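Reading through the structure tokens given below for one structure.
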Amino acid sequence: MKNGYQIIDAHCHIYPEKIAQKAVAGTDTFYGTTAKCLGTTADLFDQDKKCGIDHSLVQSVATTPKQVRSINQFIADEVNRSNSKLTGLGTLHPDSENLREDVENIISLGLVGVKLHPDIQKFKIDDYRCLKIYELCEHFHLPILMHTGDSRYDYSNPNRLLPVLKIYKNLTVIGAHFGGWSIWEEASKKLCDLENLYVDCSSTFAWVKNDTVLQMIRRYGAKRVLFGTDFPMWSPVEEVDRFFTLDLTDDEKRVILSENAKKVYNINI
């Protein structure tokens, strides 16, 4: 709780302690950034306590099909040990031998959605290999937190996301980084009319001015924007503080900081 608002961080990456440093370094190399945090669950709890975050949504990404089950088990175990401080997403890989079994395993573990990162996993959002993922997630009502946007590649830009959301109309997708990392404003203009798309504000504040952030929030509508820090890439303390510099109404702050995440992921806190 901060400034009287309950806060859910809807975009956090966590890793086992023995590989966290290597995993965080890999992300830094990919994006040319320097992570502000360590990437462990313990560090996430420390950061959340400092800035008043009440609950965090945690996930990781499988770069090969063989990693899917072990990552999902790790996330589920961390959630179960968290004293109701965490909610978890599973990961999938389009080259898995049995996607249905992987999805059923996600559900059996109590994970509430799926995280995909097309740019790191090296598939285009509209690749035929991914259609089974969307079909299954739509069928089982599993929302997908999707990394979206990268001006360097053409895996996850709006032209790839638009046809999928128009076909799978009952699939809920949360487009990370306002629907387009590094092409934030362009993406918001192209994607804002898709009713089954939510977005989060993670990995945006470091590059985008407040006035433009406000325009994007109003373009999508506050009821379709989730707060997220992209821990460990950024400092949750700084991300929360920056959010509160935005000229938002009390109702807009409330729905973005917690109510939208509760609705999308069925979080009861």
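The chains in the structure tokens are called A, B, ... from first to last as shown; in each chain the residues are counted from 1, and the ligands are counted from 1 in the order shown.
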Next on the checklist: Give me, as a ChimeraX atom specification, all polymer residues having an atom no more than 9 Å from Leu161 in chain A, counting only C-alpha atoms and skipping those fewer than 3 positions away in the same chain.
Outcome noted: /A:124-126,148,156-158,164-166,191
Can those selected residues be exported to a file as a PDB file, in the first residue's frame so that it contains C-alpha atoms?
ATOM      1  CA  LYS A 124       6.606 -14.495 -34.727  1.00  0.00           C
ATOM      2  CA  ILE A 125       3.352 -13.920 -32.848  1.00  0.00           C
ATOM      3  CA  ASP A 126       1.349 -15.023 -35.909  1.00  0.00           C
ATOM      4  CA  THR A 148       5.208  -6.896 -27.541  1.00  0.00           C
ATOM      5  CA  SER A 156       6.157  -9.093 -31.808  1.00  0.00           C
ATOM      6  CA  ASN A 157       5.200  -5.803 -33.446  1.00  0.00           C
ATOM      7  CA  PRO A 158       1.550  -4.747 -33.984  1.00  0.00           C
ATOM      8  CA  VAL A 164      -4.191 -13.078 -33.813  1.00  0.00           C
ATOM      9  CA  LEU A 165      -6.469 -10.944 -31.645  1.00  0.00           C
ATOM     10  CA  LYS A 166      -8.961 -10.582 -34.484  1.00  0.00           C
ATOM     11  CA  LEU A 191      -3.806  -1.547 -31.080  1.00  0.00           C
TER      12      LEU A 191
END
Next on the checklist: Nearest residue to Arg224 in chain A out of A:Val208, A:Leu257, A:Leu99, A:Ile7, using only C-alpha atoms?
Outcome noted: A:Leu257
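Checking A:Asp43, A:Asp28, A:Glu78, A:Glu138 one by one against Lys169 in chain A, counting only C-alpha atoms, you find the shortest gap at A:Glu138.
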Checklist entry - Which residues in range 10-196 of chain A does DSSP call alpha helix (DSSP H)? List them as an NGL selection string. => result :A and (17-31 or 41-51 or 68-80 or 99-108 or 118-121 or 131-139 or 158-167 or 184-191)
At a cut-off of 10 Å, can you tabulate as a tab-separated table every residue of range 41-150 of chain A near range 199-204 of chain A together with its closest atom pair and the distance in Å to one decimal, using only C-alpha atoms and ordering rows by chain then number?
residue	atom	partner	partner_atom	distance
A:Leu145	CA	A:Val199	CA	8.8
A:Met146	CA	A:Val199	CA	9.2
A:His147	CA	A:Val199	CA	10.0
A:Thr148	CA	A:Val199	CA	9.4
Dump of C-alpha atoms for the selected residues, as a PDB file, in the first residue's frame:
ATOM      1  CA  LEU A 145       1.150 -11.855 -20.963  1.00  0.00           C
ATOM      2  CA  MET A 146       2.969 -11.229 -24.228  1.00  0.00           C
ATOM      3  CA  HIS A 147       6.132  -9.261 -24.720  1.00  0.00           C
ATOM      4  CA  THR A 148       5.208  -6.896 -27.541  1.00  0.00           C
TER       5      THR A 148
END
Picked from range 174-236 of chain A by DSSP as strand (DSSP E), as a PDB file with C-alpha atoms, in the first residue's frame:
ATOM      1  CA  ILE A 174      -1.809  -8.367 -22.047  1.00  0.00           C
ATOM      2  CA  GLY A 175       0.593  -6.563 -24.354  1.00  0.00           C
ATOM      3  CA  LEU A 197      -6.154  -6.541 -25.443  1.00  0.00           C
ATOM      4  CA  TYR A 198      -4.908  -5.104 -22.160  1.00  0.00           C
ATOM      5  CA  VAL A 199      -1.469  -3.519 -21.783  1.00  0.00           C
ATOM      6  CA  ASP A 200       0.969  -2.916 -18.971  1.00  0.00           C
ATOM      7  CA  VAL A 225      -3.832  -0.732 -18.351  1.00  0.00           C
ATOM      8  CA  LEU A 226      -1.983  -2.718 -15.667  1.00  0.00           C
TER       9      LEU A 226
END
Checklist entry - Which one is closest to Leu86 in chain A: A:Thr41, A:Asn196, A:Asn98, A:Gln47? Count only C-alpha atoms. => result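 Counting only C-alpha atoms, the residue closest to Leu86 in chain A is A:Thr41.
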Item to check | Distance of CA of Thr172 in chain A from CA of His141 in chain A, expressed in Å to one decimal place | outcome: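 The value is 7.9 Å.
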Checklist entry - Closest to Arg242 in chain A among A:Gly228, A:Gly90, A:Gly221, A:Gly4, using only C-alpha atoms? => result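 Under the stated criterion, the closest residue is A:Gly228.
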Next on the checklist: My list of candidates is A:Ser56, A:Leu111, A:Ile133, A:Arg100. Which is closest to Ser82 in chain A when distances are computed with only C-alpha atoms?
Outcome noted: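 Closest residue, counting only C-alpha atoms: A:Ser56.
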Item to check | Spatial neighbours of Thr229 in chain A, max dist 10 Å, only C-alpha atoms, sep filter under 5 positions, as a VMD selection string | outcome: chain A and resid 8 to 13 56 177 200 to 205 234 to 240
Next on the checklist: Applying 7 Å and only C-alpha atoms, which residues near Ala62 in chain A remain after dropping the ones on its own chain fewer than 3 positions away? List them as a PyMOL selection string.
Outcome noted: chain A and resi 65+67-68+91-93
Dump as a PDB file, in the first residue's frame, selection limited to C-alpha atoms:
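The result, stored in again17.pdb:
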ATOM      1  CA  PRO A  65      10.797 -26.803 -24.938  1.00  0.00           C
ATOM      2  CA  GLN A  67      12.750 -25.887 -19.962  1.00  0.00           C
ATOM      3  CA  VAL A  68       8.964 -25.519 -19.827  1.00  0.00           C
ATOM      4  CA  THR A  91       5.565 -20.525 -19.784  1.00  0.00           C
ATOM      5  CA  LEU A  92       5.049 -22.394 -23.042  1.00  0.00           C
ATOM      6  CA  HIS A  93       7.196 -22.988 -26.120  1.00  0.00           C
TER       7      HIS A  93
END
Checklist entry - Given the choices A:Ile267, A:Met233, A:Leu142, A:Val103, which gets closest to Ile14 in chain A if the distance is worked out from only C-alpha atoms? => result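 Closest candidate: A:Met233.
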Checklist entry - Which distance in Å separates CA of Asn268 in chain A and CA of Ala42 in chain A, to one decimal? => result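 Separating CA of Asn268 in chain A from CA of Ala42 in chain A is a distance of 22.4 Å.
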Item to check | Between CA of Arg129 in chain A and CA of Ile167 in chain A, distance in Å (one decimal) | outcome: 15.2 Å
Checklist entry - Do you know which residues are at most 9 Å from Leu89 in chain A counting only C-alpha atoms, after dropping those on the same chain fewer than 5 positions away, and could you put them as a list in words? => result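 Those residues are Leu57, Val58, Gln59, Ser60, Asn72, Ile75, Ala76, Ile106, Gly110, Leu111, Val112, Gly113, Val114, Lys115, Ile144 and Leu145 of chain A.
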Emit the selected residues as a PDB file, in the first residue's frame, including N, CA and C atoms.
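The resulting file, again.pdb, is reproduced below:
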ATOM      1  N   LEU A  57       2.971 -10.445  -9.646  1.00  0.00           N
ATOM      2  CA  LEU A  57       2.725 -11.501 -10.619  1.00  0.00           C
ATOM      3  C   LEU A  57       4.067 -11.914 -11.204  1.00  0.00           C
ATOM      4  N   VAL A  58       4.455 -13.183 -11.031  1.00  0.00           N
ATOM      5  CA  VAL A  58       5.801 -13.620 -11.380  1.00  0.00           C
ATOM      6  C   VAL A  58       5.779 -14.633 -12.510  1.00  0.00           C
ATOM      7  N   GLN A  59       6.861 -14.612 -13.297  1.00  0.00           N
ATOM      8  CA  GLN A  59       6.960 -15.503 -14.450  1.00  0.00           C
ATOM      9  C   GLN A  59       8.388 -15.566 -14.930  1.00  0.00           C
ATOM     10  N   SER A  60       8.632 -16.485 -15.869  1.00  0.00           N
ATOM     11  CA  SER A  60       9.908 -16.603 -16.540  1.00  0.00           C
ATOM     12  C   SER A  60       9.628 -17.156 -17.933  1.00  0.00           C
ATOM     13  N   ASN A  72       7.978 -23.929 -14.934  1.00  0.00           N
ATOM     14  CA  ASN A  72       6.636 -23.829 -14.367  1.00  0.00           C
ATOM     15  C   ASN A  72       6.575 -24.382 -12.949  1.00  0.00           C
ATOM     16  N   ILE A  75       8.160 -21.703 -10.654  1.00  0.00           N
ATOM     17  CA  ILE A  75       7.245 -20.588 -10.391  1.00  0.00           C
ATOM     18  C   ILE A  75       6.154 -21.017  -9.415  1.00  0.00           C
ATOM     19  N   ALA A  76       5.587 -22.198  -9.621  1.00  0.00           N
ATOM     20  CA  ALA A  76       4.540 -22.685  -8.727  1.00  0.00           C
ATOM     21  C   ALA A  76       5.056 -22.856  -7.305  1.00  0.00           C
ATOM     22  N   ILE A 106       0.193 -26.488 -16.434  1.00  0.00           N
ATOM     23  CA  ILE A 106       0.113 -25.116 -15.903  1.00  0.00           C
ATOM     24  C   ILE A 106      -1.103 -24.969 -15.007  1.00  0.00           C
ATOM     25  N   GLY A 110      -1.692 -24.558 -10.541  1.00  0.00           N
ATOM     26  CA  GLY A 110      -2.335 -23.379  -9.969  1.00  0.00           C
ATOM     27  C   GLY A 110      -1.862 -22.067 -10.573  1.00  0.00           C
ATOM     28  N   LEU A 111      -1.167 -22.136 -11.704  1.00  0.00           N
ATOM     29  CA  LEU A 111      -0.739 -20.923 -12.390  1.00  0.00           C
ATOM     30  C   LEU A 111      -1.911 -20.363 -13.193  1.00  0.00           C
ATOM     31  N   VAL A 112      -1.974 -19.044 -13.316  1.00  0.00           N
ATOM     32  CA  VAL A 112      -3.220 -18.406 -13.773  1.00  0.00           C
ATOM     33  C   VAL A 112      -3.147 -17.838 -15.185  1.00  0.00           C
ATOM     34  N   GLY A 113      -2.063 -18.072 -15.881  1.00  0.00           N
ATOM     35  CA  GLY A 113      -1.925 -17.552 -17.230  1.00  0.00           C
ATOM     36  C   GLY A 113      -0.609 -18.018 -17.818  1.00  0.00           C
ATOM     37  N   VAL A 114      -0.252 -17.424 -18.942  1.00  0.00           N
ATOM     38  CA  VAL A 114       0.934 -17.832 -19.698  1.00  0.00           C
ATOM     39  C   VAL A 114       1.749 -16.603 -20.060  1.00  0.00           C
ATOM     40  N   LYS A 115       3.077 -16.716 -19.962  1.00  0.00           N
ATOM     41  CA  LYS A 115       3.971 -15.662 -20.443  1.00  0.00           C
ATOM     42  C   LYS A 115       4.687 -16.154 -21.700  1.00  0.00           C
ATOM     43  N   ILE A 144      -2.768 -14.399 -21.692  1.00  0.00           N
ATOM     44  CA  ILE A 144      -1.369 -14.443 -22.105  1.00  0.00           C
ATOM     45  C   ILE A 144      -0.733 -13.077 -21.890  1.00  0.00           C
ATOM     46  N   LEU A 145       0.307 -13.043 -21.060  1.00  0.00           N
ATOM     47  CA  LEU A 145       1.150 -11.855 -20.963  1.00  0.00           C
ATOM     48  C   LEU A 145       2.217 -11.992 -22.041  1.00  0.00           C
TER      49      LEU A 145
END
Next on the checklist: Residues near Ala25 in chain A, anyone? I mean within 8 Å using only C-alpha atoms, not counting same-chain ones fewer than 4 positions away, as a ChimeraX atom specification.
Outcome noted: /A:21,29,35
Write the residues of the selection above to a file with C-alpha atoms, as an mmCIF file, in the first residue's frame.
data_model
loop_
_atom_site.group_PDB
_atom_site.id
_atom_site.type_symbol
_atom_site.label_atom_id
_atom_site.label_comp_id
_atom_site.auth_asym_id
_atom_site.auth_seq_id
_atom_site.Cartn_x
_atom_site.Cartn_y
_atom_site.Cartn_z
ATOM 1 C CA GLN A 21 22.868 -13.623 -12.025
ATOM 2 C CA THR A 29 22.870 -8.114 -23.053
ATOM 3 C CA ALA A 35 19.429 -4.374 -14.294
#
